[in-house]
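Data block for target34.txt (compact mmCIF, C-alpha atoms (C1' of nucleotides)):
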# COMPACT_ATOMS: atom_id res chain seq x y z
CA MET A 1 0.00 0.00 0.00
CA ALA A 2 1.03 3.58 -0.48
CA GLU A 3 -0.11 4.39 3.06
CA ALA A 4 1.85 2.25 5.50
CA ALA A 5 0.34 1.65 8.94
CA LEU A 6 0.80 4.40 11.46
CA THR A 7 3.91 3.68 13.53
CA PRO A 8 4.70 4.95 17.03
CA GLU A 9 7.67 6.70 15.43
CA ASP A 10 5.36 8.65 13.06
CA ILE A 11 3.30 9.76 16.03
CA LEU A 12 6.36 10.79 18.06
CA GLN A 13 7.72 12.78 15.16
CA THR A 14 4.44 14.60 14.59
CA ALA A 15 3.79 15.07 18.30
CA GLU A 16 7.21 16.70 18.61
CA GLU A 17 6.38 19.09 15.79
CA VAL A 18 3.03 19.94 17.35
CA LEU A 19 4.69 20.56 20.72
CA ARG A 20 7.30 22.73 19.07
CA ARG A 21 4.63 24.74 17.30
CA TYR A 22 2.10 25.24 20.12
CA GLY A 23 4.18 24.62 23.24
CA PRO A 24 3.28 22.19 26.05
CA ALA A 25 0.48 24.37 27.42
CA LYS A 26 -1.51 24.51 24.16
CA ALA A 27 -0.67 21.32 22.30
CA THR A 28 -3.47 18.75 22.44
CA VAL A 29 -3.87 15.14 21.39
CA VAL A 30 -6.47 16.35 18.92
CA ASP A 31 -3.84 18.62 17.34
CA VAL A 32 -1.48 15.68 16.96
CA ALA A 33 -4.21 13.51 15.43
CA ARG A 34 -5.20 16.28 13.03
CA ALA A 35 -1.57 16.73 11.92
CA LEU A 36 -1.40 12.98 11.28
CA GLY A 37 -4.72 12.97 9.43
CA VAL A 38 -6.31 10.45 11.81
CA SER A 39 -8.84 10.61 14.61
CA HIS A 40 -7.54 11.18 18.11
CA GLY A 41 -8.80 7.74 19.11
CA THR A 42 -6.09 6.31 16.90
CA VAL A 43 -3.38 8.08 18.85
CA TYR A 44 -4.75 6.40 21.98
CA ARG A 45 -4.37 3.00 20.36
CA HIS A 46 -0.59 3.62 20.36
CA PHE A 47 -0.09 5.60 23.56
CA PRO A 48 -2.12 5.02 26.71
CA SER A 49 -2.37 8.70 27.64
CA LYS A 50 -1.35 12.18 26.70
CA ALA A 51 1.21 12.12 29.52
CA ALA A 52 2.78 8.94 28.11
CA LEU A 53 3.04 10.50 24.65
CA ARG A 54 4.61 13.65 26.05
CA GLU A 55 7.10 11.56 28.00
CA ALA A 56 8.02 9.48 24.96
CA VAL A 57 8.60 12.62 22.89
CA THR A 58 10.74 14.12 25.63
CA ARG A 59 12.75 10.93 26.09
CA ARG A 60 13.64 10.93 22.39
CA TRP A 61 14.47 14.60 22.53
CA LEU A 62 16.71 14.25 25.61
CA ASP A 63 18.50 11.27 24.12
CA ARG A 64 19.31 13.25 21.00
CA ALA A 65 20.33 16.35 22.96
CA HIS A 66 22.79 14.40 25.10
CA ALA A 67 23.98 11.94 22.50
CA ALA A 68 27.57 13.13 22.83
CA LEU A 69 27.90 12.53 26.56
CA PRO A 70 28.38 8.74 26.78
CA GLY A 71 31.23 8.98 24.28
CA ILE A 72 33.00 11.59 26.37
CA ALA A 73 32.47 9.59 29.57
CA ALA A 74 33.92 6.47 27.96
CA GLY A 75 36.76 8.34 26.26
CA GLN A 76 40.49 8.28 26.77
CA GLU A 77 41.07 11.73 28.26
CA GLU A 78 42.69 12.12 31.66
CA PRO A 79 39.79 11.77 34.15
CA GLY A 80 39.94 15.35 35.49
CA GLU A 81 39.92 16.76 31.99
CA ARG A 82 37.27 14.27 30.94
CA LEU A 83 35.02 15.34 33.81
CA ARG A 84 35.43 18.98 32.88
CA HIS A 85 34.77 18.18 29.23
CA TRP A 86 31.67 16.14 30.08
CA LEU A 87 30.20 18.87 32.31
CA ALA A 88 30.94 21.51 29.68
CA ALA A 89 29.19 19.41 27.02
CA LEU A 90 26.18 18.90 29.28
CA PHE A 91 25.98 22.63 29.95
CA ALA A 92 26.42 23.49 26.27
CA ALA A 93 23.67 21.08 25.26
CA LYS A 94 21.24 22.50 27.81
CA GLN A 95 22.07 26.07 26.88
CA GLU A 96 21.65 25.37 23.21
CA LYS A 97 18.28 23.65 23.65
CA ALA A 98 16.95 26.37 25.95
CA LEU A 99 17.71 28.98 23.31
CA ALA A 100 17.14 27.13 20.05
CA ASP A 101 14.27 24.83 21.00
CA PRO A 102 12.38 26.67 23.75
CA GLU A 103 9.02 24.86 23.43
CA LEU A 104 10.53 21.40 23.76
CA PHE A 105 12.76 22.69 26.54
CA GLU A 106 9.63 23.94 28.26
CA THR A 107 7.98 20.56 27.77
CA TYR A 108 10.98 18.95 29.43
CA GLN A 109 10.76 21.50 32.25
CA VAL A 110 7.12 20.58 32.83
CA LEU A 111 8.14 16.95 33.32
CA VAL A 112 10.86 18.04 35.76
CA GLY A 113 8.23 19.98 37.70
CA GLU A 114 6.01 16.91 37.82
CA ASN A 115 8.79 14.66 39.14
CA SER A 116 8.21 12.40 36.17
CA ALA A 117 9.81 8.96 36.36
CA LEU A 118 11.46 9.74 33.03
CA ILE A 119 13.42 12.58 34.60
CA THR A 120 14.55 10.43 37.51
CA GLU A 121 15.80 7.83 35.04
CA HIS A 122 17.48 10.46 32.93
CA VAL A 123 19.24 12.01 35.93
CA THR A 124 20.30 8.60 37.21
CA GLY A 125 21.81 7.86 33.81
CA LEU A 126 23.83 11.07 33.91
CA GLU A 127 24.93 10.45 37.49
CA ASP A 128 26.06 6.98 36.48
CA GLN A 129 28.22 8.45 33.74
CA LEU A 130 29.75 10.87 36.27
CA ALA A 131 30.31 8.02 38.70
CA GLY A 132 32.06 6.06 35.94
CA ILE A 133 34.48 8.89 35.24
CA ILE A 134 35.14 9.34 38.96
CA ARG A 135 35.68 5.62 39.47
CA GLU A 136 38.24 5.55 36.71
CA GLY A 137 39.94 8.61 38.19
CA GLN A 138 40.15 6.79 41.48
CA THR A 139 41.58 3.68 39.83
CA GLN A 140 44.21 5.82 38.12
CA GLY A 141 44.99 7.49 41.43
CA VAL A 142 44.17 11.05 40.33
CA PHE A 143 40.98 11.25 42.43
CA ALA A 144 40.77 10.47 46.14
CA GLN A 145 39.00 7.30 47.25
CA GLY A 146 35.33 7.40 48.20
CA ASP A 147 31.89 6.15 47.18
CA ALA A 148 31.98 6.92 43.44
CA GLN A 149 28.23 6.58 43.03
CA MET A 150 27.59 9.07 45.83
CA LEU A 151 30.26 11.39 44.45
CA GLY A 152 28.61 11.26 41.04
CA ARG A 153 25.35 12.36 42.62
CA VAL A 154 27.11 15.12 44.53
CA VAL A 155 28.93 16.43 41.44
CA PHE A 156 25.66 16.46 39.53
CA GLN A 157 23.93 18.28 42.34
CA VAL A 158 26.57 20.97 42.95
CA THR A 159 26.64 21.78 39.23
CA ALA A 160 22.85 22.11 39.12
CA HIS A 161 23.22 25.79 38.30
CA PHE A 162 24.41 24.75 34.85
CA HIS A 163 21.97 22.03 33.95
CA ASP A 164 18.82 22.37 36.08
CA PRO A 165 16.28 24.02 33.75
CA GLY A 166 15.04 26.17 36.63
CA TYR A 167 18.26 28.16 36.25
CA ALA A 168 17.92 28.56 32.47
CA PRO A 169 17.27 32.34 32.69
CA GLU A 170 20.78 32.75 34.15
CA TRP A 171 22.48 30.90 31.30
CA SER A 172 22.57 33.97 29.09
CA ARG A 173 24.27 36.21 31.66
CA PRO A 174 27.71 37.37 30.55
CA ASP A 175 29.73 35.82 33.38
CA VAL A 176 28.25 32.30 33.40
CA ASP A 177 31.33 30.82 31.81
CA THR A 178 33.58 32.33 34.47
CA GLU A 179 31.27 30.94 37.14
CA PHE A 180 31.21 27.57 35.44
CA ASP A 181 35.01 27.45 35.43
CA ALA A 182 35.14 28.46 39.09
CA VAL A 183 32.62 25.81 40.12
CA VAL A 184 34.26 23.04 38.10
CA GLY A 185 37.65 24.12 39.47
CA LEU A 186 36.38 23.78 43.04
CA VAL A 187 34.77 20.42 42.30
CA LEU A 188 37.92 19.01 40.69
CA LYS A 189 40.05 20.17 43.61
CA GLY A 190 37.54 18.59 45.97
CA LEU A 191 37.76 15.25 44.18
CA MET A 192 41.57 15.07 44.14
CA MET B 193 -4.16 59.86 73.34
CA ALA B 194 -4.93 56.23 73.90
CA GLU B 195 -4.59 55.53 70.17
CA ALA B 196 -1.02 56.29 69.11
CA ALA B 197 -0.42 57.12 65.46
CA LEU B 198 -0.09 54.19 63.09
CA THR B 199 3.57 53.27 62.73
CA PRO B 200 5.23 51.44 59.84
CA GLU B 201 6.07 48.75 62.38
CA ASP B 202 2.35 48.25 63.21
CA ILE B 203 1.61 47.86 59.54
CA LEU B 204 4.46 45.40 58.97
CA GLN B 205 3.37 43.32 61.92
CA THR B 206 -0.24 43.18 60.74
CA ALA B 207 0.71 42.65 57.10
CA GLU B 208 2.81 39.68 58.18
CA GLU B 209 -0.15 38.20 60.04
CA VAL B 210 -2.43 38.75 57.05
CA LEU B 211 0.11 37.11 54.73
CA ARG B 212 0.47 34.21 57.12
CA ARG B 213 -3.28 33.78 57.24
CA TYR B 214 -4.23 34.14 53.56
CA GLY B 215 -0.91 33.46 51.80
CA PRO B 216 0.70 35.70 49.18
CA ALA B 217 -1.82 34.87 46.46
CA LYS B 218 -4.90 35.92 48.44
CA ALA B 219 -3.70 38.62 50.85
CA THR B 220 -4.72 42.14 49.75
CA VAL B 221 -3.93 45.63 50.93
CA VAL B 222 -7.60 45.97 51.84
CA ASP B 223 -7.23 42.94 54.12
CA VAL B 224 -4.29 44.57 55.86
CA ALA B 225 -6.15 47.86 56.27
CA ARG B 226 -9.21 46.06 57.63
CA ALA B 227 -7.09 44.18 60.17
CA LEU B 228 -5.60 47.52 61.26
CA GLY B 229 -9.01 49.18 61.40
CA VAL B 230 -8.09 51.88 58.89
CA SER B 231 -8.88 52.57 55.25
CA HIS B 232 -6.53 51.12 52.67
CA GLY B 233 -5.57 54.65 51.64
CA THR B 234 -3.80 54.94 54.98
CA VAL B 235 -1.59 51.98 54.25
CA TYR B 236 -0.53 53.75 51.06
CA ARG B 237 0.53 56.81 53.08
CA HIS B 238 3.19 54.59 54.69
CA PHE B 239 4.15 52.25 51.85
CA PRO B 240 4.24 53.34 48.22
CA SER B 241 2.86 50.08 46.84
CA LYS B 242 1.74 46.61 47.73
CA ALA B 243 5.03 45.27 46.36
CA ALA B 244 6.99 47.57 48.68
CA LEU B 245 4.96 46.41 51.67
CA ARG B 246 5.45 42.78 50.77
CA GLU B 247 9.18 43.36 50.39
CA ALA B 248 9.43 45.11 53.74
CA VAL B 249 7.60 42.27 55.47
CA THR B 250 9.85 39.71 53.81
CA ARG B 251 13.01 41.66 54.68
CA ARG B 252 12.04 41.65 58.36
CA TRP B 253 11.15 37.99 58.18
CA LEU B 254 14.43 37.01 56.48
CA ASP B 255 16.47 39.06 58.96
CA ARG B 256 14.82 37.26 61.86
CA ALA B 257 15.17 33.84 60.23
CA HIS B 258 18.90 34.30 59.63
CA ALA B 259 19.72 36.25 62.77
CA ALA B 260 22.17 33.60 63.97
CA LEU B 261 24.37 33.60 60.86
CA PRO B 262 26.47 36.76 61.30
CA GLY B 263 27.47 35.58 64.77
CA ILE B 264 28.66 32.24 63.43
CA ALA B 265 30.54 33.92 60.57
CA ALA B 266 32.31 36.27 63.00
CA GLY B 267 32.93 33.55 65.57
CA GLN B 268 36.13 31.93 66.79
CA GLU B 269 35.72 28.45 65.36
CA GLU B 270 38.36 27.03 63.05
CA PRO B 271 37.37 28.33 59.58
CA GLY B 272 36.57 24.93 58.07
CA GLU B 273 34.37 24.02 60.99
CA ARG B 274 32.89 27.52 60.98
CA LEU B 275 31.97 27.24 57.32
CA ARG B 276 30.31 23.90 57.94
CA HIS B 277 28.48 25.29 60.95
CA TRP B 278 27.31 28.38 59.03
CA LEU B 279 26.01 26.32 56.10
CA ALA B 280 24.25 23.93 58.47
CA ALA B 281 22.60 26.86 60.26
CA LEU B 282 21.48 28.38 56.96
CA PHE B 283 20.03 25.05 55.86
CA ALA B 284 18.34 24.48 59.22
CA ALA B 285 16.77 27.95 59.16
CA LYS B 286 15.41 27.46 55.64
CA GLN B 287 14.11 23.99 56.44
CA GLU B 288 12.41 25.20 59.58
CA LYS B 289 10.71 28.14 57.86
CA ALA B 290 9.55 26.05 54.92
CA LEU B 291 7.82 23.66 57.30
CA ALA B 292 6.70 25.90 60.14
CA ASP B 293 5.87 29.11 58.27
CA PRO B 294 4.85 27.99 54.77
CA GLU B 295 2.87 31.11 53.76
CA LEU B 296 5.69 33.51 54.54
CA PHE B 297 8.12 31.08 52.93
CA GLU B 298 5.91 31.14 49.86
CA THR B 299 5.87 34.94 49.92
CA TYR B 300 9.65 34.89 49.99
CA GLN B 301 9.63 32.42 47.12
CA VAL B 302 7.46 34.77 45.07
CA LEU B 303 10.05 37.52 45.49
CA VAL B 304 12.79 35.10 44.43
CA GLY B 305 10.77 34.32 41.32
CA GLU B 306 10.42 38.03 40.57
CA ASN B 307 14.16 38.68 40.88
CA SER B 308 13.37 41.25 43.53
CA ALA B 309 16.18 43.62 44.47
CA LEU B 310 15.63 42.54 48.09
CA ILE B 311 16.64 39.00 47.23
CA THR B 312 19.76 40.11 45.39
CA GLU B 313 20.77 42.15 48.45
CA HIS B 314 19.99 39.29 50.77
CA VAL B 315 22.02 36.84 48.73
CA THR B 316 24.91 39.28 48.44
CA GLY B 317 24.90 39.67 52.22
CA LEU B 318 25.11 35.90 52.68
CA GLU B 319 27.85 35.59 50.07
CA ASP B 320 29.79 38.32 51.87
CA GLN B 321 29.60 36.34 55.10
CA LEU B 322 30.89 33.26 53.29
CA ALA B 323 33.66 35.31 51.69
CA GLY B 324 34.63 36.59 55.14
CA ILE B 325 34.98 33.08 56.54
CA ILE B 326 36.97 32.01 53.49
CA ARG B 327 39.23 35.05 53.68
CA GLU B 328 40.02 34.29 57.30
CA GLY B 329 40.68 30.67 56.42
CA GLN B 330 43.12 31.84 53.78
CA THR B 331 44.84 34.19 56.24
CA GLN B 332 45.19 31.31 58.69
CA GLY B 333 46.58 29.14 55.94
CA VAL B 334 43.89 26.42 56.13
CA PHE B 335 42.27 27.40 52.83
CA ALA B 336 44.12 27.80 49.54
CA GLN B 337 44.61 31.27 48.11
CA GLY B 338 42.13 32.66 45.60
CA ASP B 339 39.54 35.39 45.09
CA ALA B 340 37.58 35.05 48.36
CA GLN B 341 34.59 37.03 47.07
CA MET B 342 34.29 34.78 44.04
CA LEU B 343 34.75 31.69 46.20
CA GLY B 344 31.98 32.90 48.48
CA ARG B 345 29.68 33.15 45.49
CA VAL B 346 30.73 29.72 44.29
CA VAL B 347 30.18 28.09 47.69
CA PHE B 348 26.74 29.68 47.92
CA GLN B 349 25.89 28.49 44.44
CA VAL B 350 27.06 24.90 44.80
CA THR B 351 25.09 24.53 48.04
CA ALA B 352 21.94 25.90 46.39
CA HIS B 353 20.26 22.54 46.85
CA PHE B 354 20.08 23.32 50.58
CA HIS B 355 18.94 26.92 50.57
CA ASP B 356 17.31 27.75 47.24
CA PRO B 357 13.55 27.63 47.95
CA GLY B 358 12.97 25.93 44.62
CA TYR B 359 14.44 22.79 46.17
CA ALA B 360 12.30 22.98 49.32
CA PRO B 361 10.25 19.86 48.41
CA GLU B 362 13.45 17.81 48.64
CA TRP B 363 14.32 19.03 52.14
CA SER B 364 12.08 16.49 53.79
CA ARG B 365 13.58 13.48 52.03
CA PRO B 366 15.25 11.08 54.45
CA ASP B 367 18.78 11.28 53.02
CA VAL B 368 19.16 15.07 52.73
CA ASP B 369 21.48 15.22 55.70
CA THR B 370 23.78 12.62 54.19
CA GLU B 371 23.78 14.57 50.95
CA PHE B 372 24.44 17.79 52.81
CA ASP B 373 27.45 16.26 54.55
CA ALA B 374 28.77 14.91 51.25
CA VAL B 375 28.41 18.25 49.48
CA VAL B 376 29.97 20.24 52.32
CA GLY B 377 32.76 17.67 52.52
CA LEU B 378 33.54 18.11 48.82
CA VAL B 379 33.40 21.90 49.13
CA LEU B 380 35.74 21.98 52.13
CA LYS B 381 38.23 19.70 50.37
CA GLY B 382 38.00 21.94 47.32
CA LEU B 383 38.81 25.02 49.39
CA MET B 384 41.85 23.54 51.14
C1' DC C 385 -9.25 -9.94 12.56
C1' DG C 386 -7.39 -5.65 13.55
C1' DA C 387 -6.58 -0.82 12.58
C1' DC C 388 -9.29 2.99 12.74
C1' DT C 389 -13.54 5.93 13.67
C1' DG C 390 -16.57 8.95 16.01
C1' DA C 391 -19.95 9.63 19.64
C1' DC C 392 -19.89 10.00 24.40
C1' DA C 393 -19.05 11.22 29.69
C1' DG C 394 -16.45 13.56 32.73
C1' DA C 395 -12.62 16.74 33.37
C1' DT C 396 -10.33 20.90 32.04
C1' DA C 397 -9.91 25.26 29.74
C1' DT C 398 -11.77 29.51 27.76
C1' DT C 399 -14.51 33.47 27.78
C1' DG C 400 -16.80 37.63 28.96
C1' DA C 401 -19.40 40.04 32.48
C1' DA C 402 -19.32 41.36 37.24
C1' DA C 403 -16.75 42.02 41.38
C1' DT C 404 -12.68 43.24 43.65
C1' DC C 405 -8.31 45.25 44.01
C1' DT C 406 -4.50 48.77 43.44
C1' DG C 407 -3.07 53.22 43.58
C1' DT C 408 -4.51 58.38 43.57
C1' DC C 409 -6.06 62.43 45.53
C1' DA C 410 -9.30 66.07 46.91
C1' DG C 411 -11.63 66.44 51.03
C1' DT C 412 -12.70 65.83 56.29
C1' DG C 413 -11.88 66.55 61.01
C1' DC C 414 -9.02 66.51 65.09
C1' DG D 415 -1.09 70.99 59.72
C1' DC D 416 -1.40 66.34 59.34
C1' DA D 417 -3.15 61.73 59.63
C1' DC D 418 -6.73 59.66 57.74
C1' DT D 419 -10.93 58.90 54.60
C1' DG D 420 -13.53 57.38 50.79
C1' DA D 421 -14.83 57.88 46.00
C1' DC D 422 -12.78 57.04 41.76
C1' DA D 423 -10.28 55.09 37.28
C1' DG D 424 -7.98 51.49 35.45
C1' DA D 425 -6.11 46.86 36.18
C1' DT D 426 -6.77 42.36 37.87
C1' DT D 427 -9.47 38.57 39.63
C1' DT D 428 -13.56 35.79 40.12
C1' DC D 429 -17.29 33.19 38.53
C1' DA D 430 -20.35 30.71 35.84
C1' DA D 431 -21.67 29.48 31.31
C1' DT D 432 -19.75 27.53 27.24
C1' DA D 433 -16.52 25.13 24.57
C1' DT D 434 -12.79 22.02 24.13
C1' DC D 435 -10.15 18.22 25.54
C1' DT D 436 -9.02 13.51 27.43
C1' DG D 437 -9.84 8.90 27.53
C1' DT D 438 -13.28 4.97 26.44
C1' DC D 439 -15.51 1.84 23.61
C1' DA D 440 -19.02 -0.14 20.56
C1' DG D 441 -19.11 -0.14 15.87
C1' DT D 442 -17.26 0.36 10.78
C1' DC D 443 -14.55 -1.07 7.05
C1' DG D 444 -10.98 -3.25 4.48

Reformat the file's structure so that it appears as structure tokens.
Amino acid sequence: MAEAALTPEDILQTAEEVLRRYGPAKATVVDVARALGVSHGTVYRHFPSKAALREAVTRRWLDRAHAALPGIAAGQEEPGERLRHWLAALFAAKQEKALADPELFETYQVLVGENSALITEHVTGLEDQLAGIIREGQTQGVFAQGDAQMLGRVVFQVTAHFHDPGYAPEWSRPDVDTEFDAVVGLVLKGLM
Amino acid sequence: MAEAALTPEDILQTAEEVLRRYGPAKATVVDVARALGVSHGTVYRHFPSKAALREAVTRRWLDRAHAALPGIAAGQEEPGERLRHWLAALFAAKQEKALADPELFETYQVLVGENSALITEHVTGLEDQLAGIIREGQTQGVFAQGDAQMLGRVVFQVTAHFHDPGYAPEWSRPDVDTEFDAVVGLVLKGLM
DNA sequence: CGACTGACAGATATTGAAATCTGTCAGTGC
DNA sequence: GCACTGACAGATTTCAATATCTGTCAGTCG
């Protein structure tokens, strides 16, 4: 047939476009269905709820936004430098999305505000990457011993200013990069 | 006369009670005037606007909540211990207010959200206290050299999880104190 | 059979009219 | 004279009626 069956991927793609156009406050399931040329009941045959659809869109979006991070975490740089690089990449990705894709960023922020399970998972994944870098630094003797998992959580938390979307308005201030360097400097000294 | 003239202090006291009773979203200048037994025009003879009144109430409230901090900052403890003590006192004060005085805490949070000048001042005052402790630690040789003012800002920022009202919902989680200790531990190591 | 439809109930959002609030100021009275 | 009043204009909020949306499901159609 010319018209293949509607796939979850089609719906996610269209739902993302609808969210980008109307923003999370205005986008409706009916809008998504209309854009797909189907009835909204059809959307519900693929996703159990509007919340589930929104989460799936945001998961895809986050995965794409942070695609570079696992590579950095698993890379060959010296662990201190790697940690700095990873944090800088995380910050850059967040900054870029907040500016260049504000509606999807806002959608993501809504999920953060709702303590969505997706966000918890996402954060845990990032903390695990941090813990991995720290663990390797400890093995190589450049970082002090300690619970790497806990330290990963702590490093994520103390750098919240540069990735927590609640602080997004401050990311365009002129001295953020100086502050970022100062914070990362303190953190690296604290880990050594 | 039996009835002394209405003082700004009377108004602040009553406005605080009205805010505590109705919360920042519902409290009105008319409510405050009614509680004082005067017309609302009178309130405007003492405060130029509702925003100014709200700020003045919050300033008084913040000053009382953090009354213990300057004493700790100027105390005789070893600087590392003093810093830990000061941060713990700040955290304890915020935690206590969030739980025991939620409407005033919410009022404060509204001002934070509005980037009120009061909040900037308040934060600067706290950062100055931190910078003072750090400077003394540097003089005594227990902290490494560096721009103490900047380090004060950095320490305030990395501990945001424990004083920024946006994180208040997390302050009742069971493991906050462990996290607090871990963060302060990392910060102290980073300063040494 | 299985993907899709569309009518439906209850929940949520929008709208516009009415009520209330903020901020001003000429006037009252001690 | 000076602290306070109260009526007022414009802005904001409330409220209830209306419309739209979410989620379900019996039914259609290929």

Just want the 12 Å neighbourhood of DG424 in chain D, counted on only C-alpha atoms (C1' of nucleotides), with same-chain residues fewer than 6 positions away dropped. Output as a PyMOL selection string. chain C and resi 405-408

Please return, as a PyMOL selection string, all residues of chain A lying within 9 Å of chain D when only C-alpha atoms (C1' of nucleotides) are considered. chain A and resi 28-30+41+44+48-50

Hey, what's within 12 Å of range 255-272 of chain B if we count only C-alpha atoms (C1' of nucleotides) and toss same-chain stuff fewer than 5 positions away? As a PDB file with C-alpha atoms, in the frame of the given file, please?
ATOM      1  CA  ALA B 248       9.430  45.110  53.740  1.00  0.00           C
ATOM      2  CA  VAL B 249       7.600  42.270  55.470  1.00  0.00           C
ATOM      3  CA  THR B 250       9.850  39.710  53.810  1.00  0.00           C
ATOM      4  CA  HIS B 277      28.480  25.290  60.950  1.00  0.00           C
ATOM      5  CA  TRP B 278      27.310  28.380  59.030  1.00  0.00           C
ATOM      6  CA  LEU B 279      26.010  26.320  56.100  1.00  0.00           C
ATOM      7  CA  ALA B 280      24.250  23.930  58.470  1.00  0.00           C
ATOM      8  CA  ALA B 281      22.600  26.860  60.260  1.00  0.00           C
ATOM      9  CA  LEU B 282      21.480  28.380  56.960  1.00  0.00           C
ATOM     10  CA  PHE B 283      20.030  25.050  55.860  1.00  0.00           C
ATOM     11  CA  ALA B 284      18.340  24.480  59.220  1.00  0.00           C
ATOM     12  CA  ALA B 285      16.770  27.950  59.160  1.00  0.00           C
ATOM     13  CA  LYS B 286      15.410  27.460  55.640  1.00  0.00           C
ATOM     14  CA  GLN B 287      14.110  23.990  56.440  1.00  0.00           C
ATOM     15  CA  GLU B 288      12.410  25.200  59.580  1.00  0.00           C
ATOM     16  CA  LYS B 289      10.710  28.140  57.860  1.00  0.00           C
ATOM     17  CA  ALA B 290       9.550  26.050  54.920  1.00  0.00           C
ATOM     18  CA  ALA B 292       6.700  25.900  60.140  1.00  0.00           C
ATOM     19  CA  ASP B 293       5.870  29.110  58.270  1.00  0.00           C
ATOM     20  CA  LEU B 296       5.690  33.510  54.540  1.00  0.00           C
ATOM     21  CA  PHE B 297       8.120  31.080  52.930  1.00  0.00           C
ATOM     22  CA  TYR B 300       9.650  34.890  49.990  1.00  0.00           C
ATOM     23  CA  LEU B 310      15.630  42.540  48.090  1.00  0.00           C
ATOM     24  CA  ILE B 311      16.640  39.000  47.230  1.00  0.00           C
ATOM     25  CA  GLU B 313      20.770  42.150  48.450  1.00  0.00           C
ATOM     26  CA  HIS B 314      19.990  39.290  50.770  1.00  0.00           C
ATOM     27  CA  VAL B 315      22.020  36.840  48.730  1.00  0.00           C
ATOM     28  CA  GLY B 317      24.900  39.670  52.220  1.00  0.00           C
ATOM     29  CA  LEU B 318      25.110  35.900  52.680  1.00  0.00           C
ATOM     30  CA  GLU B 319      27.850  35.590  50.070  1.00  0.00           C
ATOM     31  CA  ASP B 320      29.790  38.320  51.870  1.00  0.00           C
ATOM     32  CA  GLN B 321      29.600  36.340  55.100  1.00  0.00           C
ATOM     33  CA  LEU B 322      30.890  33.260  53.290  1.00  0.00           C
ATOM     34  CA  ALA B 323      33.660  35.310  51.690  1.00  0.00           C
ATOM     35  CA  GLY B 324      34.630  36.590  55.140  1.00  0.00           C
ATOM     36  CA  ILE B 325      34.980  33.080  56.540  1.00  0.00           C
ATOM     37  CA  ILE B 326      36.970  32.010  53.490  1.00  0.00           C
ATOM     38  CA  ARG B 327      39.230  35.050  53.680  1.00  0.00           C
ATOM     39  CA  GLU B 328      40.020  34.290  57.300  1.00  0.00           C
ATOM     40  CA  GLY B 329      40.680  30.670  56.420  1.00  0.00           C
ATOM     41  CA  GLN B 330      43.120  31.840  53.780  1.00  0.00           C
ATOM     42  CA  THR B 331      44.840  34.190  56.240  1.00  0.00           C
ATOM     43  CA  GLN B 332      45.190  31.310  58.690  1.00  0.00           C
ATOM     44  CA  GLY B 333      46.580  29.140  55.940  1.00  0.00           C
ATOM     45  CA  VAL B 334      43.890  26.420  56.130  1.00  0.00           C
ATOM     46  CA  PHE B 335      42.270  27.400  52.830  1.00  0.00           C
ATOM     47  CA  ALA B 336      44.120  27.800  49.540  1.00  0.00           C
ATOM     48  CA  HIS B 355      18.940  26.920  50.570  1.00  0.00           C
ATOM     49  CA  VAL B 376      29.970  20.240  52.320  1.00  0.00           C
ATOM     50  CA  GLY B 377      32.760  17.670  52.520  1.00  0.00           C
ATOM     51  CA  LEU B 378      33.540  18.110  48.820  1.00  0.00           C
ATOM     52  CA  VAL B 379      33.400  21.900  49.130  1.00  0.00           C
ATOM     53  CA  LEU B 380      35.740  21.980  52.130  1.00  0.00           C
ATOM     54  CA  LYS B 381      38.230  19.700  50.370  1.00  0.00           C
ATOM     55  CA  GLY B 382      38.000  21.940  47.320  1.00  0.00           C
ATOM     56  CA  LEU B 383      38.810  25.020  49.390  1.00  0.00           C
ATOM     57  CA  MET B 384      41.850  23.540  51.140  1.00  0.00           C
TER      58      MET B 384
END

Between C1' of DT389 in chain C and CA of Pro8 in chain A, what is the distance in Å, rounded to a tenth?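 Separating C1' of DT389 in chain C from CA of Pro8 in chain A is a distance of 18.6 Å.
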
With a distance threshold of 9 Å and counting all atoms listed in the file, extract the residues of chain A near chain C and express them as a list in words. Ala5, Val38, Ser39, Gly41, Thr42 and Arg45 of chain A

Padded axis-aligned box of range 153-162 of chain A (3 Å per side), centre and edge lengths, Å, one decimal, as JSON:
{"center_x": 25.9, "center_y": 19.1, "center_z": 39.7, "size_x": 12.1, "size_y": 19.4, "size_z": 15.7}

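For the pair CA of Arg21 in chain A and CA of Ser116 in chain A, the separation is 22.8 Å.
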
Grab the CA of Gln205 in chain B to CA of Ala243 in chain B distance for me, in Å with one decimal place.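 About the pair CA of Gln205 in chain B and CA of Ala243 in chain B: they are 15.8 Å apart.
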